[in-house]
$ cat start.tsv   # TSV, C-alpha atoms
chain	number	residue	atom	x	y	z
X	13	MET	CA	93.44	112.82	120.58
X	14	ASN	CA	97.17	113.10	119.95
X	15	THR	CA	98.94	113.65	116.65
X	16	THR	CA	99.56	109.96	116.03
X	17	GLU	CA	95.86	109.21	116.34
X	18	TRP	CA	94.97	111.94	113.86
X	19	PHE	CA	97.47	110.43	111.44
X	20	GLY	CA	95.74	107.08	111.92
X	21	ILE	CA	92.37	108.61	111.06
X	22	ALA	CA	93.89	110.32	108.01
X	23	ALA	CA	95.31	106.97	106.90
X	24	ALA	CA	91.89	105.33	107.16
X	25	LEU	CA	90.33	108.18	105.15
X	26	LEU	CA	93.01	107.95	102.45
X	27	ILE	CA	92.43	104.21	102.08
X	28	GLY	CA	88.65	104.74	101.83
X	29	LEU	CA	88.98	107.56	99.29
X	30	GLY	CA	91.53	105.66	97.23
X	31	LEU	CA	89.37	102.52	97.08
X	32	PHE	CA	86.43	104.69	96.03
X	33	GLY	CA	88.51	105.98	93.10
X	34	VAL	CA	89.69	102.49	92.15
X	35	ILE	CA	86.12	101.18	92.08
X	36	THR	CA	84.24	104.06	90.49
X	37	HIS	CA	86.54	105.78	87.98
X	38	PRO	CA	86.59	104.12	84.57
X	39	MET	CA	89.77	105.92	83.48
X	40	LEU	CA	92.86	103.77	83.90
X	41	LEU	CA	95.15	106.64	84.89
X	42	ARG	CA	92.71	107.71	87.60
X	43	LYS	CA	92.55	104.14	88.83
X	44	ILE	CA	96.36	104.05	89.07
X	45	LEU	CA	96.40	107.37	90.94
X	46	ALA	CA	93.65	106.18	93.27
X	47	PHE	CA	95.54	102.97	93.91
X	48	ASN	CA	98.56	105.03	94.87
X	49	LEU	CA	96.31	106.91	97.30
X	50	VAL	CA	95.42	103.56	98.91
X	51	GLY	CA	99.13	102.76	99.08
X	52	THR	CA	99.87	106.10	100.74
X	53	GLY	CA	97.18	105.40	103.31
X	54	VAL	CA	98.69	101.99	104.03
X	55	PHE	CA	102.17	103.51	104.44
X	56	LEU	CA	100.77	106.11	106.82
X	57	LEU	CA	98.98	103.35	108.73
X	58	PHE	CA	102.28	101.48	109.08
X	59	GLY	CA	103.91	104.69	110.28
X	60	VAL	CA	101.25	105.04	112.96
X	61	ILE	CA	101.69	101.41	113.98
X	62	ALA	CA	105.48	101.85	114.06
X	63	ARG	CA	105.16	104.93	116.24
X	64	ARG	CA	103.93	102.80	119.14
X	65	GLY	CA	107.36	101.21	119.39
X	66	ALA	CA	108.82	104.55	120.45
X	67	ALA	CA	108.23	103.50	124.03
X	68	ALA	CA	111.31	101.27	123.78
X	69	GLY	CA	113.57	104.33	123.47
X	70	ILE	CA	114.17	104.22	119.69
X	71	ASP	CA	112.42	106.26	116.99
X	72	GLY	CA	109.76	103.66	116.48
X	73	ASP	CA	109.16	99.98	115.88
X	74	PRO	CA	111.70	99.29	113.09
X	75	VAL	CA	109.84	96.31	111.58
X	76	PRO	CA	106.82	98.25	110.19
X	77	HIS	CA	109.25	101.01	109.17
X	78	ALA	CA	111.23	98.52	107.11
X	79	PHE	CA	108.03	97.33	105.42
X	80	VAL	CA	107.20	100.89	104.38
X	81	ILE	CA	110.68	101.54	102.99
X	82	THR	CA	110.60	98.49	100.74
X	83	GLY	CA	106.90	99.11	100.07
X	84	ILE	CA	107.49	102.56	98.60
X	85	VAL	CA	109.93	101.18	96.03
X	86	VAL	CA	107.58	98.31	95.15
X	87	ALA	CA	104.65	100.76	94.86
X	88	PHE	CA	106.66	102.92	92.49
X	89	SER	CA	107.62	99.98	90.28
X	90	ALA	CA	104.06	98.65	90.24
X	91	SER	CA	102.75	102.09	89.29
X	92	ALA	CA	105.34	102.43	86.53
X	93	LEU	CA	104.36	99.02	85.17
X	94	ALA	CA	100.67	99.97	85.33
X	95	VAL	CA	101.27	103.28	83.54
X	96	THR	CA	103.33	101.55	80.86
X	97	MET	CA	100.58	98.99	80.31
X	98	ALA	CA	97.93	101.74	80.17
X	99	LEU	CA	100.01	103.60	77.58
X	100	LYS	CA	100.47	100.36	75.63
X	101	LEU	CA	96.69	99.87	75.68
X	102	LYS	CA	96.24	103.45	74.50
X	103	SER	CA	98.65	103.02	71.60
X	104	ASP	CA	97.13	99.67	70.59
X	105	THR	CA	93.44	100.46	70.93
X	106	GLY	CA	93.26	104.24	71.22
X	107	GLU	CA	91.40	103.84	74.51
X	108	SER	CA	92.61	104.37	78.04
X	109	THR	CA	89.23	104.00	79.70
X	110	PHE	CA	87.21	100.98	80.65
X	111	PRO	CA	84.02	100.83	78.59
X	112	ASP	CA	81.59	101.91	81.27
X	113	ASP	CA	77.85	101.82	81.46
X	114	PRO	CA	77.11	105.51	81.31
X	115	PRO	CA	74.25	106.90	83.38
X	116	ALA	CA	70.90	107.86	81.90
X	117	ASP	CA	72.07	110.95	80.06
X	118	ALA	CA	73.75	108.66	77.54
X	119	PRO	CA	71.91	107.84	74.31
X	120	ASP	CA	69.59	104.84	74.35
X	121	PRO	CA	71.13	101.40	73.67
X	122	ALA	CA	69.65	101.24	70.16
X	123	ALA	CA	71.72	104.24	69.08
X	124	PRO	CA	74.96	103.50	67.19
X	125	PRO	CA	78.06	103.15	69.39
X	126	ARG	CA	80.20	106.17	70.01
X	127	PRO	CA	83.12	106.57	67.59
B	6	MET	CA	71.80	100.85	83.54
B	7	ASN	CA	69.51	103.74	84.34
B	8	ARG	CA	70.40	106.77	86.35
B	9	VAL	CA	68.61	105.73	89.54
B	10	ALA	CA	70.33	102.36	89.69
B	11	PHE	CA	73.67	104.04	89.00
B	12	ARG	CA	73.11	106.49	91.86
B	13	CYS	CA	72.09	103.66	94.18
B	14	LEU	CA	75.20	101.67	93.33
B	15	HIS	CA	77.35	104.77	93.86
B	16	GLY	CA	75.72	105.35	97.23
B	17	LEU	CA	76.26	101.72	98.19
B	18	VAL	CA	79.99	101.94	97.31
B	19	ILE	CA	80.31	105.14	99.36
B	20	ALA	CA	78.50	103.56	102.32
B	21	VAL	CA	80.62	100.39	102.26
B	22	LEU	CA	83.88	102.33	101.96
B	23	ALA	CA	82.90	104.83	104.66
B	24	GLY	CA	82.21	101.83	106.88
B	25	LEU	CA	85.59	100.36	105.99
B	26	ALA	CA	87.39	103.63	106.74
B	27	TYR	CA	85.50	103.89	110.04
B	28	LEU	CA	86.48	100.35	111.03
B	29	LEU	CA	90.11	101.01	110.08
B	30	ALA	CA	90.17	104.22	112.12
B	31	ARG	CA	88.60	102.40	115.07
B	32	ALA	CA	91.18	99.63	114.75
B	33	VAL	CA	94.06	102.14	114.72
B	34	LEU	CA	92.64	104.03	117.70
B	35	ALA	CA	92.16	100.76	119.56
B	36	LEU	CA	95.89	100.00	119.44
B	37	ASP	CA	97.61	100.15	122.78
B	38	PRO	CA	99.48	103.51	122.75
B	39	ASP	CA	102.11	102.12	125.09
B	40	GLY	CA	102.56	98.94	123.09
B	41	ARG	CA	106.13	98.27	122.09
B	42	GLY	CA	105.60	96.16	119.00
B	43	LEU	CA	108.79	94.35	118.07
B	44	SER	CA	111.08	97.13	119.29
B	45	ASP	CA	112.34	95.18	122.29
B	46	THR	CA	113.01	92.06	120.21
B	47	VAL	CA	114.98	94.11	117.67
B	48	THR	CA	116.87	96.08	120.32
B	49	SER	CA	117.94	92.94	122.14
B	50	ALA	CA	119.16	91.32	118.90
B	51	MET	CA	121.06	94.41	117.70
B	52	PRO	CA	124.53	93.22	118.87
B	53	GLU	CA	124.28	90.27	116.45
B	54	SER	CA	123.21	92.36	113.46
B	55	GLY	CA	126.56	93.84	112.42
B	56	VAL	CA	125.12	97.38	112.15
B	57	LEU	CA	124.09	100.02	114.67
B	58	HIS	CA	120.83	101.26	113.15
B	59	PRO	CA	117.78	99.10	113.88
B	60	LEU	CA	116.09	99.83	110.55
B	61	THR	CA	119.06	98.63	108.51
B	62	ALA	CA	119.38	95.61	110.81
B	63	VAL	CA	115.75	94.66	110.14
B	64	LEU	CA	115.95	95.29	106.38
B	65	LEU	CA	119.21	93.55	105.62
B	66	ASN	CA	119.59	91.04	108.43
B	67	PHE	CA	116.58	90.09	110.56
B	68	ARG	CA	114.11	90.21	107.70
B	69	GLY	CA	116.56	89.97	104.82
B	70	TYR	CA	114.27	87.48	103.12
B	71	ASP	CA	111.63	90.21	102.59
B	72	THR	CA	114.19	92.53	101.06
B	73	LEU	CA	115.49	89.74	98.79
B	74	LEU	CA	111.98	89.18	97.44
B	75	GLU	CA	111.41	92.93	97.18
B	76	ILE	CA	114.43	93.44	94.92
B	77	ALA	CA	113.20	90.46	92.88
B	78	VAL	CA	109.84	92.24	92.45
B	79	LEU	CA	111.67	95.33	91.21
B	80	LEU	CA	113.62	93.24	88.70
B	81	VAL	CA	110.42	91.54	87.51
B	82	ALA	CA	108.78	94.95	87.03
B	83	VAL	CA	111.67	96.08	84.81
B	84	LEU	CA	111.54	92.84	82.82
B	85	ALA	CA	107.76	93.16	82.41
B	86	VAL	CA	108.06	96.75	81.18
B	87	TRP	CA	110.83	95.74	78.77
B	88	SER	CA	108.87	92.79	77.46
B	89	LEU	CA	106.02	95.00	76.27
B	90	GLU	CA	106.95	95.68	72.69
B	91	PRO	CA	108.16	99.21	71.99
B	92	PRO	CA	105.53	101.77	71.00
B	93	ALA	CA	104.80	102.14	67.31
B	94	ALA	CA	103.89	105.78	67.83
B	95	PRO	CA	103.90	108.04	70.90
B	96	CYS	CA	100.59	108.16	72.73
B	97	SER	CA	100.49	111.84	73.54
B	98	ARG	CA	102.29	114.89	72.32
B	99	VAL	CA	104.75	115.90	75.00
B	100	LEU	CA	107.56	117.57	73.13
B	101	GLN	CA	111.05	116.97	74.39
B	102	GLU	CA	114.02	119.01	73.39
B	103	PRO	CA	117.60	117.89	73.98
B	104	ALA	CA	119.31	119.67	76.85
B	105	HIS	CA	122.34	120.74	74.82
B	106	ARG	CA	120.27	123.62	73.48
B	107	ASN	CA	119.87	125.06	76.98
B	108	PRO	CA	123.12	126.13	78.70
B	109	VAL	CA	121.41	126.96	82.02
B	110	LEU	CA	119.97	123.46	82.20
B	111	LEU	CA	123.35	121.90	81.40
B	112	VAL	CA	125.20	123.88	84.09
B	113	GLY	CA	122.43	123.09	86.60
B	114	LEU	CA	122.71	119.40	85.80
B	115	GLY	CA	126.49	119.59	86.04
B	116	VAL	CA	126.17	120.90	89.60
B	117	MET	CA	123.27	118.79	90.77
B	118	VAL	CA	124.08	115.35	89.38
B	119	PRO	CA	127.45	114.95	91.16
B	120	MET	CA	125.96	116.33	94.40
B	121	ILE	CA	123.05	113.88	94.27
B	122	ALA	CA	125.39	111.00	93.45
B	123	MET	CA	127.57	111.91	96.43
B	124	THR	CA	124.54	112.16	98.72
B	125	ALA	CA	123.36	108.74	97.50
B	126	GLY	CA	126.73	107.24	98.38
B	127	TYR	CA	126.63	108.92	101.79
B	128	PHE	CA	123.14	107.53	102.44
B	129	VAL	CA	124.25	103.98	101.67
B	130	TRP	CA	127.28	104.30	103.94
B	131	VAL	CA	125.53	106.08	106.81
B	132	GLY	CA	122.73	103.46	106.87
B	133	ALA	CA	124.91	101.40	109.22
B	134	TYR	CA	124.32	103.78	112.12
B	135	ARG	CA	121.77	106.42	111.08
B	136	PRO	CA	118.62	106.61	108.96
B	137	GLY	CA	119.70	105.84	105.42
B	138	GLY	CA	120.59	102.80	103.39
B	139	ALA	CA	120.21	101.16	100.02
B	140	PHE	CA	116.63	102.26	99.37
B	141	GLN	CA	117.19	105.92	100.13
B	142	GLY	CA	120.47	105.93	98.18
B	143	GLY	CA	118.88	104.01	95.33
B	144	ALA	CA	115.96	106.43	95.16
B	145	LEU	CA	118.43	109.32	94.79
B	146	LEU	CA	120.31	107.48	92.04
B	147	GLY	CA	116.97	106.89	90.34
B	148	ALA	CA	116.31	110.64	90.59
B	149	ILE	CA	119.54	111.27	88.65
B	150	GLY	CA	118.27	108.97	85.90
B	151	VAL	CA	114.91	110.77	85.85
B	152	MET	CA	116.67	114.15	85.60
B	153	LEU	CA	118.97	113.02	82.80
B	154	ALA	CA	116.13	111.39	80.89
B	155	SER	CA	113.66	114.24	81.20
B	156	THR	CA	116.23	116.81	80.12
B	157	GLY	CA	117.17	114.72	77.09
B	158	VAL	CA	120.80	114.09	78.11
B	159	LEU	CA	120.18	110.34	78.11
B	160	PRO	CA	118.85	108.98	74.82
B	161	PRO	CA	115.06	108.52	74.96
B	162	SER	CA	115.04	104.85	74.03
B	163	ILE	CA	118.06	103.69	75.97
B	164	ARG	CA	119.97	100.78	74.46
B	165	ARG	CA	119.80	97.68	76.62
B	166	THR	CA	123.51	97.00	76.71
B	167	ILE	CA	125.05	94.20	78.72
B	168	ARG	CA	126.39	96.76	81.22
B	169	LEU	CA	122.91	98.16	81.80
B	170	ARG	CA	121.50	94.67	82.27
B	171	LEU	CA	124.29	93.86	84.74
B	172	ALA	CA	123.62	97.05	86.72
B	173	THR	CA	119.93	96.18	86.87
B	174	THR	CA	120.48	92.64	88.13
B	175	ILE	CA	123.55	93.01	90.35
B	176	GLY	CA	121.53	93.80	93.50
B	177	PHE	CA	119.43	90.68	93.21
B	178	ALA	CA	122.44	88.61	92.10
B	179	VAL	CA	124.64	89.64	95.04
B	180	PHE	CA	121.78	89.13	97.50
B	181	LEU	CA	120.98	85.71	96.04
B	182	LEU	CA	124.66	84.71	96.12
B	183	VAL	CA	124.86	85.69	99.80
B	184	ALA	CA	121.68	83.70	100.49
B	185	LEU	CA	123.15	80.68	98.71
B	186	LEU	CA	126.52	80.89	100.49
B	187	THR	CA	124.98	81.41	103.92
B	188	SER	CA	122.57	78.53	103.43
B	189	LEU	CA	125.48	76.26	102.40
B	190	TRP	CA	127.68	77.48	105.23
B	191	SER	CA	125.30	77.74	108.18
B	192	GLY	CA	122.36	75.71	106.93
B	193	THR	CA	119.88	78.61	107.18
B	194	LEU	CA	119.08	81.18	104.53
B	195	LEU	CA	120.58	84.63	105.13
B	196	THR	CA	122.01	83.95	108.59
B	197	TYR	CA	125.26	85.90	108.44
B	198	PRO	CA	128.29	84.93	110.50
B	199	LYS	CA	128.46	87.58	113.23
B	200	ALA	CA	131.99	88.76	112.49
B	201	TRP	CA	131.22	89.31	108.80
B	202	ALA	CA	127.69	90.68	109.11
B	203	GLY	CA	128.64	94.37	108.80
B	204	LEU	CA	130.75	93.79	105.68
B	205	ILE	CA	128.14	91.54	104.05
B	206	ILE	CA	125.41	94.12	104.70
B	207	LEU	CA	127.52	96.91	103.20
B	208	ALA	CA	128.25	94.82	100.10
B	209	ILE	CA	124.58	93.95	99.63
B	210	GLU	CA	123.49	97.54	100.21
B	211	THR	CA	125.93	98.92	97.66
B	212	ALA	CA	124.78	96.47	95.00
B	213	LEU	CA	121.13	97.04	95.96
B	214	ALA	CA	121.44	100.84	95.75
B	215	LEU	CA	122.91	100.60	92.24
B	216	SER	CA	120.22	98.19	91.04
B	217	ILE	CA	117.38	100.11	92.67
B	218	GLY	CA	118.59	103.38	91.15
B	219	VAL	CA	118.99	101.92	87.65
B	220	SER	CA	115.66	100.06	87.86
B	221	LEU	CA	113.67	103.10	89.03
B	222	ALA	CA	115.21	105.24	86.28
B	223	LEU	CA	114.52	102.57	83.64
B	224	LEU	CA	110.90	102.22	84.76
B	225	PHE	CA	110.43	105.97	84.50
B	226	MET	CA	112.12	106.13	81.10
B	227	ALA	CA	110.05	103.28	79.69
B	228	ALA	CA	106.82	105.06	80.62
B	229	ALA	CA	108.08	108.49	79.54
B	230	ASP	CA	109.32	107.13	76.22
B	231	ARG	CA	105.84	105.96	75.35
B	232	ALA	CA	104.34	109.38	76.01
B	233	THR	CA	106.94	111.57	74.34
B	234	VAL	CA	107.50	112.89	70.86
B	235	HIS	CA	111.23	113.31	70.54
B	236	ARG	CA	112.31	116.37	68.67
B	237	GLU	CA	115.97	116.01	67.82
B	238	ASP	CA	115.84	118.37	64.85
B	239	ALA	CA	114.18	121.28	66.61
B	240	PRO	CA	115.28	124.70	65.39

$ encode --input "start.tsv" --output "structure tokens"
Amino acid sequence: MNTTEWFGIAAALLIGLGLFGVITHPMLLRKILAFNLVGTGVFLLFGVIARRGAAAGIDGDPVPHAFVITGIVVAFSASALAVTMALKLKSDTGESTFPDDPPADAPDPAAPPRP
Amino acid sequence: MNRVAFRCLHGLVIAVLAGLAYLLARAVLALDPDGRGLSDTVTSAMPESGVLHPLTAVLLNFRGYDTLLEIAVLLVAVLAVWSLEPPAAPCSRVLQEPAHRNPVLLVGLGVMVPMIAMTAGYFVWVGAYRPGGAFQGGALLGAIGVMLASTGVLPPSIRRTIRLRLATTIGFAVFLLVALLTSLWSGTLLTYPKAWAGLIILAIETALALSIGVSLALLFMAAADRATVHREDAP
């Protein structure tokens, strides 16, 4: 196992953890953060893929590198848009969480809805 | 949904994602460690690129189309954020005081902002033969905007003047103009004439860095503005 391979495993873990957050957390901000975790994993994955090109005598395969560089800026702008929309939702509805189906410790369905 | 079903669903999600992560890790480990990817293709085409650094050559020349669309995405993000109507009331109570009340902050900004601006310019210029370029320079310019906005030097709800709009669009505009001219001249999109390639890339990168910096700062400010109570009349 060399360093590059460990980075590859870390990238796979980050993507798995991030997707877990995107799927399970009802809070919008947490979803955005988790999505950024997925993005970080993808960037790391591209770094690992680029590293293979080092055999050619340059730092790495420049094509995946270029994808990451543009990708970081796009990820930032997408996150900023998502945060702005979440804040807009918060100011319009007072909620920044998806209405989730709470587990059994929640009151029974006949009870009045939470304020 | 009862607790047991919720737990089961949770477990299922964990199992599926653990499987996905395992497959991804296996796929990465299965890559040929001595593979060369596209390095050889890029290296052999470098003399035609007009620059000496392979990354800049890929970004602005070989795969310029990707970068053109990327700057378009950035512009669309700014337009989308602007098109959401301004907040009626701030969403959370983050108090912001103007920087002119804090002399240490002002002196610090006075030192740092010019240094960062200079470094951004250096990054754009050095991208021709070293790591650097429009995105790194633009990110630094964006950092200046974030600093000025979060210290209250820039007005919280910045006025969308024609100059600001021009700065936001100039990167995409210059890139699109180059694409149009090259497609008229050589018949293919973004195929630069070899003798002019270096100059064209520098022109695009300069415009791109400005637009990226302004766009990143505007995106930050739009989100921050929604979450901030501005206190101009603080004691």

$ closest_residue --input "start.tsv" --among "X:Asn48, X:Thr109, X:Thr16, X:Ser103" --to "chain B" --atoms "only C-alpha atoms"
X:Ser103

$ interface_residues --input "start.tsv" --of "chain B" --to "chain X" --cutoff "6 Å" --atoms "all atoms listed in the file" --output "PDB file with C-alpha atoms, in the coordinates of the input"
ATOM      1  CA  ASN B   7      69.510 103.740  84.340  1.00  0.00           C
ATOM      2  CA  ARG B   8      70.400 106.770  86.350  1.00  0.00           C
ATOM      3  CA  LEU B  22      83.880 102.330 101.960  1.00  0.00           C
ATOM      4  CA  ALA B  26      87.390 103.630 106.740  1.00  0.00           C
ATOM      5  CA  LEU B  29      90.110 101.010 110.080  1.00  0.00           C
ATOM      6  CA  ALA B  30      90.170 104.220 112.120  1.00  0.00           C
ATOM      7  CA  VAL B  33      94.060 102.140 114.720  1.00  0.00           C
ATOM      8  CA  PRO B  38      99.480 103.510 122.750  1.00  0.00           C
ATOM      9  CA  GLY B  40     102.560  98.940 123.090  1.00  0.00           C
ATOM     10  CA  ARG B  41     106.130  98.270 122.090  1.00  0.00           C
ATOM     11  CA  GLY B  42     105.600  96.160 119.000  1.00  0.00           C
ATOM     12  CA  SER B  44     111.080  97.130 119.290  1.00  0.00           C
ATOM     13  CA  LEU B  60     116.090  99.830 110.550  1.00  0.00           C
ATOM     14  CA  LEU B  64     115.950  95.290 106.380  1.00  0.00           C
ATOM     15  CA  VAL B  86     108.060  96.750  81.180  1.00  0.00           C
ATOM     16  CA  CYS B  96     100.590 108.160  72.730  1.00  0.00           C
ATOM     17  CA  LEU B 224     110.900 102.220  84.760  1.00  0.00           C
ATOM     18  CA  ALA B 228     106.820 105.060  80.620  1.00  0.00           C
TER      19      ALA B 228
END

$ closest_residue --input "start.tsv" --among "B:Ala122, B:Gly143, B:Thr173, B:Tyr197" --to "Ala82 in chain B" --atoms "all atoms listed in the file"
B:Thr173

$ residues_around --input "start.tsv" --residues "Ile175 in chain B" --least-positions-apart "4" --cutoff "8 Å" --atoms "only C-alpha atoms" --output "PyMOL selection string"
chain B and resi 171+179+212-213+215-216

$ atom_distance --input "start.tsv" --atom1 "CA of Asn66 in chain B" --atom2 "CA of Val80 in chain X"
16.3 Å

$ atom_distance --input "start.tsv" --atom1 "CA of Ala232 in chain B" --atom2 "CA of Thr156 in chain B"
14.6 Å

$ atom_distance --input "start.tsv" --atom1 "CA of Gly147 in chain B" --atom2 "CA of Ile217 in chain B"
7.2 Å

$ closest_residue --input "start.tsv" --among "B:Asp230, B:Ile209, B:Ala202, B:Leu181" --to "Val151 in chain B" --atoms "all atoms listed in the file"
B:Asp230

$ residues_around --input "start.tsv" --residues "Val129 in chain B" --least-positions-apart "3" --cutoff "6 Å" --atoms "only C-alpha atoms" --output "ChimeraX atom specification"
/B:126,132,138-139,142

$ residues_around --input "start.tsv" --residues "Val56 in chain B" --least-positions-apart "5" --cutoff "9 Å" --atoms "only C-alpha atoms" --output "PyMOL selection string"
chain B and resi 51+61-62+132-134+202-203+206

$ closest_residue --input "start.tsv" --among "B:Val158, B:Ile121, B:Leu186, B:Ala85" --to "Ala227 in chain B" --atoms "all atoms listed in the file"
B:Ala85

$ closest_residue --input "start.tsv" --among "B:Ala148, B:Leu194, B:Val21, B:Ala32" --to "Pro119 in chain B" --atoms "all atoms listed in the file"
B:Ala148

$ decode --input "start.tsv" --residues "range 50-58 of chain X" --atoms "all heavy atoms" --output "JSON list (two decimals), in the first residue's frame"
[["chain", "number", "residue", "atom", "x", "y", "z"],
["X", 50, "VAL", "N", -19.00, 14.89, -0.41],
["X", 50, "VAL", "CA", -18.95, 14.05, -1.63],
["X", 50, "VAL", "C", -18.03, 14.70, -2.65],
["X", 50, "VAL", "O", -17.17, 14.03, -3.25],
["X", 50, "VAL", "CB", -20.36, 13.88, -2.23],
["X", 50, "VAL", "CG1", -20.29, 13.02, -3.48],
["X", 50, "VAL", "CG2", -21.31, 13.26, -1.22],
["X", 51, "GLY", "N", -18.19, 16.03, -2.83],
["X", 51, "GLY", "CA", -17.36, 16.73, -3.80],
["X", 51, "GLY", "C", -15.89, 16.61, -3.46],
["X", 51, "GLY", "O", -15.05, 16.36, -4.34],
["X", 52, "THR", "N", -15.56, 16.76, -2.17],
["X", 52, "THR", "CA", -14.16, 16.64, -1.75],
["X", 52, "THR", "C", -13.62, 15.26, -2.08],
["X", 52, "THR", "O", -12.49, 15.11, -2.56],
["X", 52, "THR", "CB", -14.05, 16.89, -0.24],
["X", 52, "THR", "OG1", -14.74, 18.11, 0.06],
["X", 52, "THR", "CG2", -12.62, 17.01, 0.18],
["X", 53, "GLY", "N", -14.46, 14.23, -1.83],
["X", 53, "GLY", "CA", -14.04, 12.87, -2.16],
["X", 53, "GLY", "C", -13.77, 12.72, -3.65],
["X", 53, "GLY", "O", -12.79, 12.10, -4.06],
["X", 54, "VAL", "N", -14.64, 13.31, -4.48],
["X", 54, "VAL", "CA", -14.45, 13.21, -5.93],
["X", 54, "VAL", "C", -13.17, 13.92, -6.35],
["X", 54, "VAL", "O", -12.40, 13.40, -7.18],
["X", 54, "VAL", "CB", -15.68, 13.80, -6.66],
["X", 54, "VAL", "CG1", -15.43, 13.87, -8.15],
["X", 54, "VAL", "CG2", -16.91, 12.96, -6.38],
["X", 55, "PHE", "N", -12.90, 15.10, -5.75],
["X", 55, "PHE", "CA", -11.66, 15.82, -6.09],
["X", 55, "PHE", "C", -10.44, 14.98, -5.71],
["X", 55, "PHE", "O", -9.47, 14.89, -6.48],
["X", 55, "PHE", "CB", -11.60, 17.17, -5.36],
["X", 55, "PHE", "CG", -12.67, 18.12, -5.77],
["X", 55, "PHE", "CD1", -13.15, 19.07, -4.90],
["X", 55, "PHE", "CD2", -13.21, 18.07, -7.05],
["X", 55, "PHE", "CE1", -14.15, 19.94, -5.28],
["X", 55, "PHE", "CE2", -14.21, 18.93, -7.44],
["X", 55, "PHE", "CZ", -14.69, 19.88, -6.55],
["X", 56, "LEU", "N", -10.50, 14.37, -4.53],
["X", 56, "LEU", "CA", -9.39, 13.53, -4.09],
["X", 56, "LEU", "C", -9.20, 12.35, -5.03],
["X", 56, "LEU", "O", -8.08, 11.99, -5.40],
["X", 56, "LEU", "CB", -9.66, 13.06, -2.65],
["X", 56, "LEU", "CG", -8.50, 12.47, -1.88],
["X", 56, "LEU", "CD1", -7.33, 13.43, -1.86],
["X", 56, "LEU", "CD2", -8.92, 12.14, -0.46],
["X", 57, "LEU", "N", -10.33, 11.78, -5.46],
["X", 57, "LEU", "CA", -10.30, 10.66, -6.41],
["X", 57, "LEU", "C", -9.61, 11.08, -7.71],
["X", 57, "LEU", "O", -8.76, 10.37, -8.25],
["X", 57, "LEU", "CB", -11.74, 10.22, -6.69],
["X", 57, "LEU", "CG", -11.97, 8.83, -7.22],
["X", 57, "LEU", "CD1", -11.54, 7.82, -6.19],
["X", 57, "LEU", "CD2", -13.45, 8.63, -7.53],
["X", 58, "PHE", "N", -9.96, 12.29, -8.18],
["X", 58, "PHE", "CA", -9.33, 12.79, -9.41],
["X", 58, "PHE", "C", -7.84, 13.01, -9.19],
["X", 58, "PHE", "O", -7.03, 12.78, -10.09],
["X", 58, "PHE", "CB", -10.00, 14.09, -9.86],
["X", 58, "PHE", "CG", -11.14, 13.84, -10.80],
["X", 58, "PHE", "CD1", -12.32, 13.29, -10.34],
["X", 58, "PHE", "CD2", -11.02, 14.15, -12.14],
["X", 58, "PHE", "CE1", -13.37, 13.06, -11.20],
["X", 58, "PHE", "CE2", -12.07, 13.91, -13.01],
["X", 58, "PHE", "CZ", -13.24, 13.37, -12.54]]
